[in-house]
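protein.pdb (PDB, C-alpha atoms)
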```pdb
ATOM      1  CA  MET A  14      38.782  90.738  98.327
ATOM      2  CA  THR A  15      37.554  88.716  95.360
ATOM      3  CA  THR A  16      33.826  88.058  95.035
ATOM      4  CA  LYS A  17      32.873  84.813  93.286
ATOM      5  CA  ILE A  18      29.999  85.212  90.858
ATOM      6  CA  ASP A  19      28.141  82.836  88.564
ATOM      7  CA  ILE A  20      27.434  82.986  84.843
ATOM      8  CA  HIS A  21      24.144  84.878  85.226
ATOM      9  CA  GLU A  22      25.675  87.496  87.528
ATOM     10  CA  THR A  23      28.584  87.884  85.104
ATOM     11  CA  ALA A  24      26.192  88.375  82.200
ATOM     12  CA  LYS A  25      24.301  91.056  84.145
ATOM     13  CA  ILE A  26      27.494  92.969  84.983
ATOM     14  CA  LEU A  27      28.751  92.881  81.387
ATOM     15  CA  THR A  28      25.359  94.065  80.132
ATOM     16  CA  GLU A  29      25.508  97.085  82.442
ATOM     17  CA  LYS A  30      29.115  98.161  81.774
ATOM     18  CA  ASN A  31      30.610 100.283  78.992
ATOM     19  CA  ASP A  32      34.107 101.043  77.661
ATOM     20  CA  ILE A  33      35.337  97.534  78.364
ATOM     21  CA  LEU A  34      38.910  96.341  77.903
ATOM     22  CA  LEU A  35      39.515  92.592  77.611
ATOM     23  CA  LEU A  36      42.913  91.196  78.604
ATOM     24  CA  CYS A  37      44.396  87.969  77.230
ATOM     25  CA  HIS A  38      47.261  86.041  78.797
ATOM     26  CA  LYS A  39      50.758  86.276  77.335
ATOM     27  CA  ASN A  40      51.815  83.775  74.668
ATOM     28  CA  PRO A  41      48.117  83.576  73.774
ATOM     29  CA  ASP A  42      46.407  80.350  72.748
ATOM     30  CA  GLY A  43      43.119  79.589  71.053
ATOM     31  CA  ASP A  44      41.078  79.684  74.248
ATOM     32  CA  THR A  45      42.113  83.110  75.538
ATOM     33  CA  LEU A  46      41.943  84.639  72.037
ATOM     34  CA  GLY A  47      38.765  82.884  70.910
ATOM     35  CA  SER A  48      36.919  83.654  74.152
ATOM     36  CA  ALA A  49      38.022  87.307  74.198
ATOM     37  CA  ALA A  50      37.202  87.752  70.516
ATOM     38  CA  ALA A  51      33.720  86.296  70.951
ATOM     39  CA  LEU A  52      32.901  88.518  73.932
ATOM     40  CA  CYS A  53      34.371  91.592  72.249
ATOM     41  CA  HIS A  54      32.252  91.087  69.119
ATOM     42  CA  VAL A  55      29.125  90.549  71.235
ATOM     43  CA  LEU A  56      29.712  93.690  73.312
ATOM     44  CA  THR A  57      30.458  95.724  70.196
ATOM     45  CA  ASN A  58      27.243  94.487  68.598
ATOM     46  CA  MET A  59      25.459  95.775  71.708
ATOM     47  CA  GLY A  60      26.780  99.261  70.964
ATOM     48  CA  LYS A  61      29.506  99.251  73.604
ATOM     49  CA  ARG A  62      33.099 100.311  73.102
ATOM     50  CA  CYS A  63      35.295  97.275  73.602
ATOM     51  CA  ALA A  64      38.752  96.087  72.553
ATOM     52  CA  VAL A  65      41.293  93.383  73.362
ATOM     53  CA  ALA A  66      44.826  93.812  74.723
ATOM     54  CA  CYS A  67      47.565  91.193  74.766
ATOM     55  CA  ASN A  68      51.189  91.232  75.859
ATOM     56  CA  ASN A  69      52.245  89.696  72.543
ATOM     57  CA  ALA A  70      51.298  90.376  68.965
ATOM     58  CA  ILE A  71      48.383  88.157  68.014
ATOM     59  CA  PRO A  72      49.717  85.301  65.841
ATOM     60  CA  SER A  73      48.672  85.425  62.194
ATOM     61  CA  LYS A  74      47.175  81.947  62.619
ATOM     62  CA  TYR A  75      44.330  83.614  64.524
ATOM     63  CA  SER A  76      43.723  86.478  62.101
ATOM     64  CA  TYR A  77      40.324  85.028  61.131
ATOM     65  CA  LEU A  78      39.072  85.893  64.630
ATOM     66  CA  GLU A  79      39.216  89.580  63.575
ATOM     67  CA  ILE A  80      40.165  90.739  67.064
ATOM     68  CA  PRO A  81      39.845  94.511  67.642
ATOM     69  CA  VAL A  82      43.210  95.282  69.256
ATOM     70  CA  PHE A  83      43.223  98.086  71.828
ATOM     71  CA  ASN A  84      45.108 101.216  70.725
ATOM     72  CA  ASN A  85      44.000 103.665  73.425
ATOM     73  CA  GLU A  86      40.959 104.781  71.408
ATOM     74  CA  PHE A  87      38.969 105.020  74.645
ATOM     75  CA  LYS A  88      39.578 105.136  78.379
ATOM     76  CA  PRO A  89      38.728 101.717  79.857
ATOM     77  CA  GLU A  90      36.088 101.900  82.562
ATOM     78  CA  PHE A  91      35.813  98.152  83.157
ATOM     79  CA  ILE A  92      38.675  95.680  82.764
ATOM     80  CA  VAL A  93      38.108  91.975  82.198
ATOM     81  CA  SER A  94      40.785  89.286  82.056
ATOM     82  CA  VAL A  95      39.985  86.174  80.037
ATOM     83  CA  ASP A  96      41.400  82.689  80.663
ATOM     84  CA  THR A  97      44.163  84.139  82.869
ATOM     85  CA  ALA A  98      44.878  82.409  86.167
ATOM     86  CA  SER A  99      47.227  85.013  87.679
ATOM     87  CA  VAL A 100      48.368  88.566  86.997
ATOM     88  CA  ASN A 101      51.914  87.520  86.122
ATOM     89  CA  LEU A 102      50.432  85.698  83.121
ATOM     90  CA  LEU A 103      49.310  89.032  81.688
ATOM     91  CA  GLY A 104      52.938  89.866  80.859
ATOM     92  CA  ASP A 105      55.040  92.974  81.319
ATOM     93  CA  ASN A 106      53.254  94.989  78.636
ATOM     94  CA  LEU A 107      49.964  94.730  80.535
ATOM     95  CA  SER A 108      51.416  95.108  84.026
ATOM     96  CA  GLN A 109      49.694  98.495  84.439
ATOM     97  CA  TYR A 110      46.400  96.608  84.726
ATOM     98  CA  SER A 111      47.561  93.978  87.209
ATOM     99  CA  CYS A 112      46.014  95.677  90.255
ATOM    100  CA  ILE A 113      42.853  96.969  88.622
ATOM    101  CA  VAL A 114      41.210  93.942  87.008
ATOM    102  CA  ASP A 115      37.481  94.238  87.701
ATOM    103  CA  LEU A 116      36.386  90.822  86.450
ATOM    104  CA  CYS A 117      38.150  87.575  85.617
ATOM    105  CA  ILE A 118      36.475  84.865  83.529
ATOM    106  CA  ASP A 119      38.476  81.667  83.871
ATOM    107  CA  HIS A 120      38.500  77.879  84.128
ATOM    108  CA  HIS A 121      41.819  77.318  85.918
ATOM    109  CA  GLY A 122      41.516  75.806  89.376
ATOM    110  CA  SER A 123      44.811  77.497  90.261
ATOM    111  CA  ASN A 124      43.315  80.986  89.800
ATOM    112  CA  SER A 125      44.925  83.361  92.316
ATOM    113  CA  ASN A 126      41.799  85.491  93.004
ATOM    114  CA  TYR A 127      43.362  88.734  91.808
ATOM    115  CA  SER A 128      40.225  90.394  90.398
ATOM    116  CA  ASP A 129      37.325  92.144  92.141
ATOM    117  CA  PHE A 130      34.878  89.641  90.643
ATOM    118  CA  LEU A 131      35.677  86.106  89.559
ATOM    119  CA  CYS A 132      33.589  83.886  87.292
ATOM    120  CA  LEU A 133      35.413  80.577  87.687
ATOM    121  CA  TYR A 134      34.281  77.153  86.524
ATOM    122  CA  ALA A 135      37.248  74.872  87.090
ATOM    123  CA  ASP A 136      35.345  71.799  85.916
ATOM    124  CA  TYR A 137      34.943  73.302  82.435
ATOM    125  CA  PRO A 138      37.699  72.292  79.986
ATOM    126  CA  ALA A 139      37.835  75.705  78.314
ATOM    127  CA  THR A 140      36.948  79.293  79.092
ATOM    128  CA  ALA A 141      35.137  79.284  75.750
ATOM    129  CA  GLN A 142      32.499  76.966  77.230
ATOM    130  CA  ILE A 143      31.915  79.467  80.051
ATOM    131  CA  MET A 144      31.835  82.336  77.554
ATOM    132  CA  TYR A 145      29.208  80.583  75.451
ATOM    133  CA  GLU A 146      26.925  80.315  78.478
ATOM    134  CA  ILE A 147      27.579  83.941  79.466
ATOM    135  CA  ILE A 148      26.628  85.172  75.999
ATOM    136  CA  ILE A 149      23.470  83.045  76.024
ATOM    137  CA  SER A 150      22.627  84.422  79.484
ATOM    138  CA  MET A 151      23.094  87.952  78.117
ATOM    139  CA  GLY A 152      20.398  87.151  75.577
ATOM    140  CA  GLN A 153      22.703  87.982  72.675
ATOM    141  CA  GLU A 154      22.855  86.421  69.243
ATOM    142  CA  ILE A 155      25.765  84.145  68.376
ATOM    143  CA  SER A 156      26.600  84.723  64.734
ATOM    144  CA  LYS A 157      28.560  82.264  62.603
ATOM    145  CA  HIS A 158      31.724  84.292  63.207
ATOM    146  CA  ILE A 159      31.229  84.392  66.971
ATOM    147  CA  ALA A 160      30.535  80.655  66.883
ATOM    148  CA  ASP A 161      33.889  80.162  65.121
ATOM    149  CA  CYS A 162      35.610  82.208  67.847
ATOM    150  CA  LEU A 163      34.079  80.133  70.643
ATOM    151  CA  TYR A 164      34.635  76.848  68.821
ATOM    152  CA  THR A 165      38.320  77.753  68.460
ATOM    153  CA  GLY A 166      38.692  77.980  72.226
ATOM    154  CA  LEU A 167      36.690  74.836  72.839
ATOM    155  CA  LEU A 168      38.552  72.816  70.216
ATOM    156  CA  THR A 169      42.084  73.861  71.139
ATOM    157  CA  ASP A 170      41.769  73.522  74.914
ATOM    158  CA  THR A 171      40.209  70.060  74.662
ATOM    159  CA  GLY A 172      42.730  68.797  72.127
ATOM    160  CA  CYS A 173      39.960  68.275  69.576
ATOM    161  CA  PHE A 174      37.746  66.847  72.349
ATOM    162  CA  LYS A 175      40.188  64.068  73.239
ATOM    163  CA  TYR A 176      41.409  65.301  76.650
ATOM    164  CA  SER A 177      39.934  63.766  79.781
ATOM    165  CA  SER A 178      38.561  67.180  80.802
ATOM    166  CA  THR A 179      35.992  66.930  78.005
ATOM    167  CA  THR A 180      32.500  66.386  79.403
ATOM    168  CA  PRO A 181      29.125  65.555  77.842
ATOM    169  CA  GLN A 182      28.181  69.222  78.227
ATOM    170  CA  THR A 183      31.338  70.208  76.321
ATOM    171  CA  LEU A 184      30.247  68.059  73.395
ATOM    172  CA  ILE A 185      26.732  69.515  73.592
ATOM    173  CA  THR A 186      28.188  73.039  73.521
ATOM    174  CA  GLY A 187      30.333  72.101  70.539
ATOM    175  CA  ALA A 188      27.308  70.695  68.738
ATOM    176  CA  LYS A 189      25.302  73.862  69.412
ATOM    177  CA  LEU A 190      28.141  75.994  68.037
ATOM    178  CA  MET A 191      28.261  73.829  64.916
ATOM    179  CA  GLU A 192      24.509  74.333  64.508
ATOM    180  CA  LEU A 193      25.186  78.075  64.701
ATOM    181  CA  GLY A 194      27.694  77.807  61.854
ATOM    182  CA  ALA A 195      31.062  77.013  63.449
ATOM    183  CA  ASN A 196      33.262  75.421  60.785
ATOM    184  CA  HIS A 197      34.376  72.201  62.483
ATOM    185  CA  THR A 198      36.237  70.775  59.494
ATOM    186  CA  GLU A 199      38.196  73.925  58.697
ATOM    187  CA  LEU A 200      39.196  74.559  62.312
ATOM    188  CA  VAL A 201      40.216  70.942  62.948
ATOM    189  CA  GLU A 202      42.329  71.098  59.790
ATOM    190  CA  LYS A 203      43.942  74.363  60.895
ATOM    191  CA  PHE A 204      44.847  73.249  64.407
ATOM    192  CA  PHE A 205      45.195  69.468  64.293
ATOM    193  CA  MET A 206      45.568  68.128  60.751
ATOM    194  CA  SER A 207      48.335  70.311  59.333
ATOM    195  CA  LYS A 208      51.825  71.267  60.495
ATOM    196  CA  THR A 209      54.205  73.936  59.300
ATOM    197  CA  LYS A 210      57.657  72.954  58.095
ATOM    198  CA  LYS A 211      59.109  74.633  61.174
ATOM    199  CA  THR A 212      56.888  72.575  63.465
ATOM    200  CA  VAL A 213      58.183  69.412  61.792
ATOM    201  CA  MET A 214      61.764  70.656  62.274
ATOM    202  CA  LEU A 215      61.060  71.310  65.961
ATOM    203  CA  GLU A 216      59.568  67.840  66.406
ATOM    204  CA  LYS A 217      62.558  66.253  64.677
ATOM    205  CA  TYR A 218      64.992  68.134  66.917
ATOM    206  CA  THR A 219      63.225  67.317  70.181
ATOM    207  CA  LEU A 220      62.711  63.647  69.329
ATOM    208  CA  ASN A 221      66.364  63.256  68.323
ATOM    209  CA  ASN A 222      67.365  64.617  71.743
ATOM    210  CA  ILE A 223      64.665  63.158  73.977
ATOM    211  CA  GLU A 224      65.641  62.149  77.532
ATOM    212  CA  TYR A 225      63.856  59.552  79.655
ATOM    213  CA  TYR A 226      63.665  59.385  83.454
ATOM    214  CA  PHE A 227      62.014  57.340  86.202
ATOM    215  CA  ASP A 228      61.747  54.021  84.373
ATOM    216  CA  ASP A 229      60.738  55.847  81.193
ATOM    217  CA  LYS A 230      57.619  57.297  82.826
ATOM    218  CA  CYS A 231      58.905  60.818  82.192
ATOM    219  CA  ALA A 232      60.032  62.085  78.799
ATOM    220  CA  LEU A 233      61.976  65.350  78.724
ATOM    221  CA  LEU A 234      62.013  67.451  75.561
ATOM    222  CA  ILE A 235      64.360  70.417  75.307
ATOM    223  CA  LEU A 236      64.471  73.217  72.767
ATOM    224  CA  THR A 237      67.793  75.000  73.146
ATOM    225  CA  LYS A 238      68.426  78.632  72.310
ATOM    226  CA  GLU A 239      70.685  77.478  69.475
ATOM    227  CA  ALA A 240      67.951  75.287  67.996
ATOM    228  CA  LEU A 241      65.373  78.079  68.215
ATOM    229  CA  ASN A 242      67.794  80.545  66.601
ATOM    230  CA  GLU A 243      68.415  78.121  63.772
ATOM    231  CA  ILE A 244      64.800  77.161  63.115
ATOM    232  CA  GLN A 245      63.269  80.606  63.869
ATOM    233  CA  PRO A 246      59.777  79.300  64.680
ATOM    234  CA  GLU A 247      56.661  81.377  65.153
ATOM    235  CA  PRO A 248      55.061  80.959  68.609
ATOM    236  CA  THR A 249      52.281  78.881  67.059
ATOM    237  CA  ASP A 250      54.856  76.506  65.538
ATOM    238  CA  ILE A 251      55.680  75.360  69.088
ATOM    239  CA  ASP A 252      52.061  74.556  69.966
ATOM    240  CA  GLY A 253      51.671  70.849  70.606
ATOM    241  CA  ILE A 254      55.372  70.038  71.037
ATOM    242  CA  SER A 255      54.904  69.617  74.795
ATOM    243  CA  SER A 256      52.367  66.831  74.229
ATOM    244  CA  LEU A 257      54.518  64.984  71.734
ATOM    245  CA  ALA A 258      55.851  62.328  74.115
ATOM    246  CA  ARG A 259      52.465  61.668  75.727
ATOM    247  CA  ASN A 260      51.755  59.487  72.700
ATOM    248  CA  PHE A 261      54.573  57.126  73.686
ATOM    249  CA  GLU A 262      53.743  53.908  75.487
ATOM    250  CA  GLY A 263      54.510  54.055  79.203
ATOM    251  CA  VAL A 264      55.099  57.821  79.360
ATOM    252  CA  GLU A 265      53.007  59.456  82.088
ATOM    253  CA  VAL A 266      54.703  62.862  82.084
ATOM    254  CA  SER A 267      55.874  64.824  79.055
ATOM    255  CA  ILE A 268      57.978  67.908  79.793
ATOM    256  CA  LEU A 269      59.048  70.606  77.347
ATOM    257  CA  ILE A 270      61.721  73.108  78.401
ATOM    258  CA  ARG A 271      62.554  76.098  76.230
ATOM    259  CA  PRO A 272      64.265  79.451  76.820
ATOM    260  CA  VAL A 273      62.393  82.734  76.667
ATOM    261  CA  GLY A 274      63.750  86.242  76.472
ATOM    262  CA  ASP A 275      67.494  86.472  76.939
ATOM    263  CA  GLY A 276      67.792  82.778  77.745
ATOM    264  CA  SER A 277      68.086  83.008  81.540
ATOM    265  CA  VAL A 278      64.383  82.228  81.946
ATOM    266  CA  TYR A 279      62.956  78.899  80.853
ATOM    267  CA  LYS A 280      59.330  78.128  80.092
ATOM    268  CA  ILE A 281      58.301  74.645  81.202
ATOM    269  CA  SER A 282      55.195  72.946  79.804
ATOM    270  CA  VAL A 283      53.878  69.840  81.565
ATOM    271  CA  ARG A 284      51.493  67.301  80.063
ATOM    272  CA  THR A 285      50.412  64.192  81.953
ATOM    273  CA  GLY A 286      48.332  61.049  81.697
ATOM    274  CA  GLU A 287      45.968  59.593  84.263
ATOM    275  CA  GLY A 288      48.813  58.673  86.612
ATOM    276  CA  ALA A 289      50.116  62.169  87.373
ATOM    277  CA  ASP A 290      48.884  65.698  88.126
ATOM    278  CA  ALA A 291      50.457  68.302  85.831
ATOM    279  CA  CYS A 292      49.247  71.195  87.986
ATOM    280  CA  ALA A 293      50.861  69.720  91.104
ATOM    281  CA  ILE A 294      54.170  69.428  89.239
ATOM    282  CA  ALA A 295      54.083  72.983  87.901
ATOM    283  CA  SER A 296      52.807  74.454  91.182
ATOM    284  CA  GLY A 297      55.954  73.255  92.918
ATOM    285  CA  LEU A 298      57.866  75.799  90.836
ATOM    286  CA  GLY A 299      55.366  78.632  91.124
ATOM    287  CA  GLY A 300      53.229  77.757  88.122
ATOM    288  CA  GLY A 301      49.799  76.294  87.678
ATOM    289  CA  GLY A 302      47.199  75.103  85.227
ATOM    290  CA  HIS A 303      45.111  71.969  84.944
ATOM    291  CA  ILE A 304      45.447  68.391  86.106
ATOM    292  CA  ARG A 305      46.594  67.230  82.647
ATOM    293  CA  ALA A 306      48.221  70.426  81.314
ATOM    294  CA  ALA A 307      50.151  73.032  83.257
ATOM    295  CA  GLY A 308      53.240  75.195  83.089
ATOM    296  CA  CYS A 309      55.660  77.523  84.835
ATOM    297  CA  GLU A 310      58.665  79.750  84.220
ATOM    298  CA  VAL A 311      61.946  79.245  86.055
ATOM    299  CA  THR A 312      65.077  81.382  86.110
ATOM    300  CA  GLY A 313      68.491  79.704  86.099
ATOM    301  CA  THR A 314      70.786  77.580  83.991
ATOM    302  CA  LEU A 315      69.341  74.817  81.861
ATOM    303  CA  GLU A 316      70.873  72.142  84.090
ATOM    304  CA  ASN A 317      69.443  73.713  87.242
ATOM    305  CA  VAL A 318      66.029  74.063  85.632
ATOM    306  CA  LYS A 319      66.116  70.413  84.557
ATOM    307  CA  LYS A 320      66.994  69.290  88.072
ATOM    308  CA  ALA A 321      64.231  71.425  89.570
ATOM    309  CA  ILE A 322      61.460  70.142  87.323
ATOM    310  CA  LEU A 323      62.615  66.528  87.513
ATOM    311  CA  MET A 324      62.500  66.740  91.313
ATOM    312  CA  GLU A 325      58.864  67.861  91.098
ATOM    313  CA  VAL A 326      58.075  65.068  88.642
ATOM    314  CA  GLU A 327      59.688  62.498  90.950
ATOM    315  CA  ASN A 328      57.689  63.786  93.916
ATOM    316  CA  GLU A 329      54.483  63.429  91.937
ATOM    317  CA  LEU A 330      55.241  59.986  90.537
ATOM    318  CA  CYS A 331      56.154  58.710  94.013
ATOM    319  CA  LYS A 332      52.792  59.710  95.502
TER
END
```
Please express what this file holds, its structure, as structure tokens.
Amino acid sequence: MTTKIDIHETAKILTEKNDILLLCHKNPDGDTLGSAAALCHVLTNMGKRCAVACNNAIPSKYSYLEIPVFNNEFKPEFIVSVDTASVNLLGDNLSQYSCIVDLCIDHHGSNSNYSDFLCLYADYPATAQIMYEIIISMGQEISKHIADCLYTGLLTDTGCFKYSSTTPQTLITGAKLMELGANHTELVEKFFMSKTKKTVMLEKYTLNNIEYYFDDKCALLILTKEALNEIQPEPTDIDGISSLARNFEGVEVSILIRPVGDGSVYKISVRTGEGADACAIASGLGGGGHIRAAGCEVTGTLENVKKAILMEVENELCK
């Protein structure tokens, strides 16, 4: 049974534990990596052994976080998942930990309560905002580097503070991190003001093949296996493609479908405006996330996957 705990209780537990392993979700983003990196650096500064494990190799784009990657240098005595709503999001390479997660720190309302302890604040737009408060509650110093780690999570999960999940407290947290040395300009440039050539190629491909449904309220973007093989993008090159059509007038739901693995499994990313619930759409196919951003993975042919997700979109738009 999962026990819900608050930020202060979480801080107390982390202060008492040693030999801590932090788990990120697969296909890691700025929030899971930034939050885990910040906590890992804090715990290490406290004299504890701590490292981070992830199903995937950490993208080079995040190398500045200086994440200590776990290589079995110690036996984990306390396992913490970060920004991970369910155990299946840990990925196959971390499946050995799926039944033994001691603590989960998360902001997803769809969290499946798989850990012994759960620090969940679903009204926070990023786990990094929770992590900032945990570190403060632990009475630990936030260095410039740790501030950069936390600001990365805050910035990326709020879309540079433009998503509707952003609250006054989020902006206050961001301001405090800037006061502590977080490099706002450099991080905004890295994640929002520059694109790789491969990202531009991906955008060109998806926009040239965009499909509209339900009186143009839904825009469907598809990256085929052939296109991915030709362009050979890094995982971070795909970041932001799912939100591309949300900038179009009248579009309430933007869907990105792309193959993963051998091509029989498709990853679906859902982004919505005020008129639709992304989490409700993704949950219909076993996924989850937030009200404006969610996702799932579906096995089948591309046509069957398209039909399945469009049925969920139609159900949501007809509410």
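Between CA of Glu154 in chain A and CA of Leu168 in chain A the separation is 20.8 Å.
Residue nearest Thr209 in chain A within the list A:Ala160, A:Ile244, A:Cys117, A:Leu131: A:Ile244 [criterion: smallest interatomic distance, all atoms listed in the file].
Our summary of the geometry notes that CA of Lys280 in chain A is positioned 8.9 Å from CA of Thr312 in chain A.
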Given the point (69.5, 69.4, 84.0) in the file's coordinates, find the residues that have an atom at most 12 Å from it, counting all atoms listed in the file, and give them as a PDB file with C-alpha atoms, in the frame of the given file.
```pdb
ATOM      1  CA  GLU A 224      65.641  62.149  77.532  1.00  0.00           C
ATOM      2  CA  TYR A 226      63.665  59.385  83.454  1.00  0.00           C
ATOM      3  CA  LEU A 233      61.976  65.350  78.724  1.00  0.00           C
ATOM      4  CA  LEU A 234      62.013  67.451  75.561  1.00  0.00           C
ATOM      5  CA  ILE A 235      64.360  70.417  75.307  1.00  0.00           C
ATOM      6  CA  ILE A 270      61.721  73.108  78.401  1.00  0.00           C
ATOM      7  CA  TYR A 279      62.956  78.899  80.853  1.00  0.00           C
ATOM      8  CA  GLY A 313      68.491  79.704  86.099  1.00  0.00           C
ATOM      9  CA  THR A 314      70.786  77.580  83.991  1.00  0.00           C
ATOM     10  CA  LEU A 315      69.341  74.817  81.861  1.00  0.00           C
ATOM     11  CA  GLU A 316      70.873  72.142  84.090  1.00  0.00           C
ATOM     12  CA  ASN A 317      69.443  73.713  87.242  1.00  0.00           C
ATOM     13  CA  VAL A 318      66.029  74.063  85.632  1.00  0.00           C
ATOM     14  CA  LYS A 319      66.116  70.413  84.557  1.00  0.00           C
ATOM     15  CA  LYS A 320      66.994  69.290  88.072  1.00  0.00           C
ATOM     16  CA  ALA A 321      64.231  71.425  89.570  1.00  0.00           C
ATOM     17  CA  ILE A 322      61.460  70.142  87.323  1.00  0.00           C
ATOM     18  CA  LEU A 323      62.615  66.528  87.513  1.00  0.00           C
ATOM     19  CA  MET A 324      62.500  66.740  91.313  1.00  0.00           C
TER      20      MET A 324
END
```
| request: Can you work out the spacing between CA of Thr219 in chain A and CA of Cys67 in chain A in Å, to one decimal? | output: 28.9 Å
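Of the residues under consideration (A:Gln142, A:Thr15, A:Ser156, A:Asn260), A:Gln142 shows the shortest atom-to-atom contact distance to Thr179 in chain A when counting only C-alpha atoms.
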| Residue with smallest distance to Leu330 in chain A - pool A:Pro248, A:Gly288, A:Gly308, A:Gly194, counting all atoms listed in the file | A:Gly288
| task | Output the residue selection produced by the PyMOL selection byres ((chain A and resi 83) around 8) on the file above, formatted as number ranges by chain. | result | A: 34, 64-66, 81-82, 84-86
| request: I need the residue set behind the PyMOL selection byres ((chain A and resi 52-56) around 8) for this file; please write it as a PyMOL selection string. | output: chain A and resi 35+48-51+57-65+80-81+144+148+153-155+159
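Applied to this file, the PyMOL selection byres ((chain A and resi 122) around 10) selects A:Ala98, A:Asp119, A:His120, A:His121, A:Ser123, A:Asn124, A:Ser125, A:Leu133, A:Tyr134, A:Ala135, A:Asp136, A:Tyr137, A:Cys292, A:Gly301, A:Gly302, A:His303, A:Ile304.
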| task | Excluding range 263-265 of chain A and any residue of its chain fewer than 3 positions from it, enumerate the residues within 6 Å of it, using all atoms listed in the file, and give them as a PyMOL selection string. | result | chain A and resi 230-231+259+285-286
| task | Show which residues sit within 8 Å of Thr23 in chain A, as an NGL selection string. Count all atoms listed in the file, and ignore same-chain residues fewer than 4 positions away. | result | :A and (18-19 or 27 or 132 or 147)
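Closest approach to Met14 in chain A among A:Thr171, A:Thr28, A:Ser108, A:Asn126: A:Asn126, based on only C-alpha atoms.
Counting all atoms listed in the file and comparing A:His21, A:Arg305, A:Lys189, A:Lys175, the residue that lies closest to Asp161 in chain A is A:Lys189.
Proximity ranking of A:Glu243, A:Glu199, A:Glu79, A:Glu325 relative to Gly47 in chain A places A:Glu79 first, based on only C-alpha atoms.
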All file atoms of range 121-127 of chain A boxed axis-aligned, 8 Å per side, centre plus edges, as JSON:
```
{"center_x": 43.2, "center_y": 82.3, "center_z": 89.5, "size_x": 19.4, "size_y": 28.9, "size_z": 23.1}
```
Write a file for range 185-199 of chain A of the given structure; include N, CA and C atoms and format it as a compact mmCIF listing (two decimals), in the first residue's frame.
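Output file result-v3.txt follows:
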```
# COMPACT_ATOMS: atom_id res chain seq x y z
N ILE A 185 7.54 32.44 -9.02
CA ILE A 185 8.32 32.81 -7.84
C ILE A 185 9.50 31.86 -7.69
N THR A 186 9.25 30.56 -7.87
CA THR A 186 10.31 29.56 -7.78
C THR A 186 11.38 29.83 -8.84
N GLY A 187 10.92 30.12 -10.06
CA GLY A 187 11.86 30.44 -11.13
C GLY A 187 12.71 31.65 -10.80
N ALA A 188 12.08 32.67 -10.23
CA ALA A 188 12.81 33.88 -9.85
C ALA A 188 13.84 33.59 -8.77
N LYS A 189 13.47 32.75 -7.80
CA LYS A 189 14.41 32.40 -6.73
C LYS A 189 15.61 31.62 -7.29
N LEU A 190 15.35 30.74 -8.26
CA LEU A 190 16.43 29.99 -8.87
C LEU A 190 17.36 30.90 -9.67
N MET A 191 16.77 31.91 -10.33
CA MET A 191 17.60 32.89 -11.04
C MET A 191 18.46 33.67 -10.05
N GLU A 192 17.90 34.02 -8.91
CA GLU A 192 18.67 34.73 -7.88
C GLU A 192 19.84 33.87 -7.38
N LEU A 193 19.63 32.55 -7.42
CA LEU A 193 20.67 31.62 -6.98
C LEU A 193 21.69 31.32 -8.08
N GLY A 194 21.47 31.89 -9.26
CA GLY A 194 22.47 31.76 -10.32
C GLY A 194 22.03 31.02 -11.56
N ALA A 195 20.80 30.51 -11.60
CA ALA A 195 20.33 29.79 -12.79
C ALA A 195 20.43 30.70 -14.01
N ASN A 196 20.99 30.16 -15.09
CA ASN A 196 21.23 30.95 -16.30
C ASN A 196 20.02 30.92 -17.21
N HIS A 197 19.07 31.82 -16.97
CA HIS A 197 17.83 31.87 -17.73
C HIS A 197 18.09 32.01 -19.23
N THR A 198 18.90 32.96 -19.61
CA THR A 198 19.12 33.24 -21.03
C THR A 198 19.72 32.06 -21.76
N GLU A 199 20.74 31.46 -21.17
CA GLU A 199 21.41 30.32 -21.82
C GLU A 199 20.47 29.12 -21.95
```
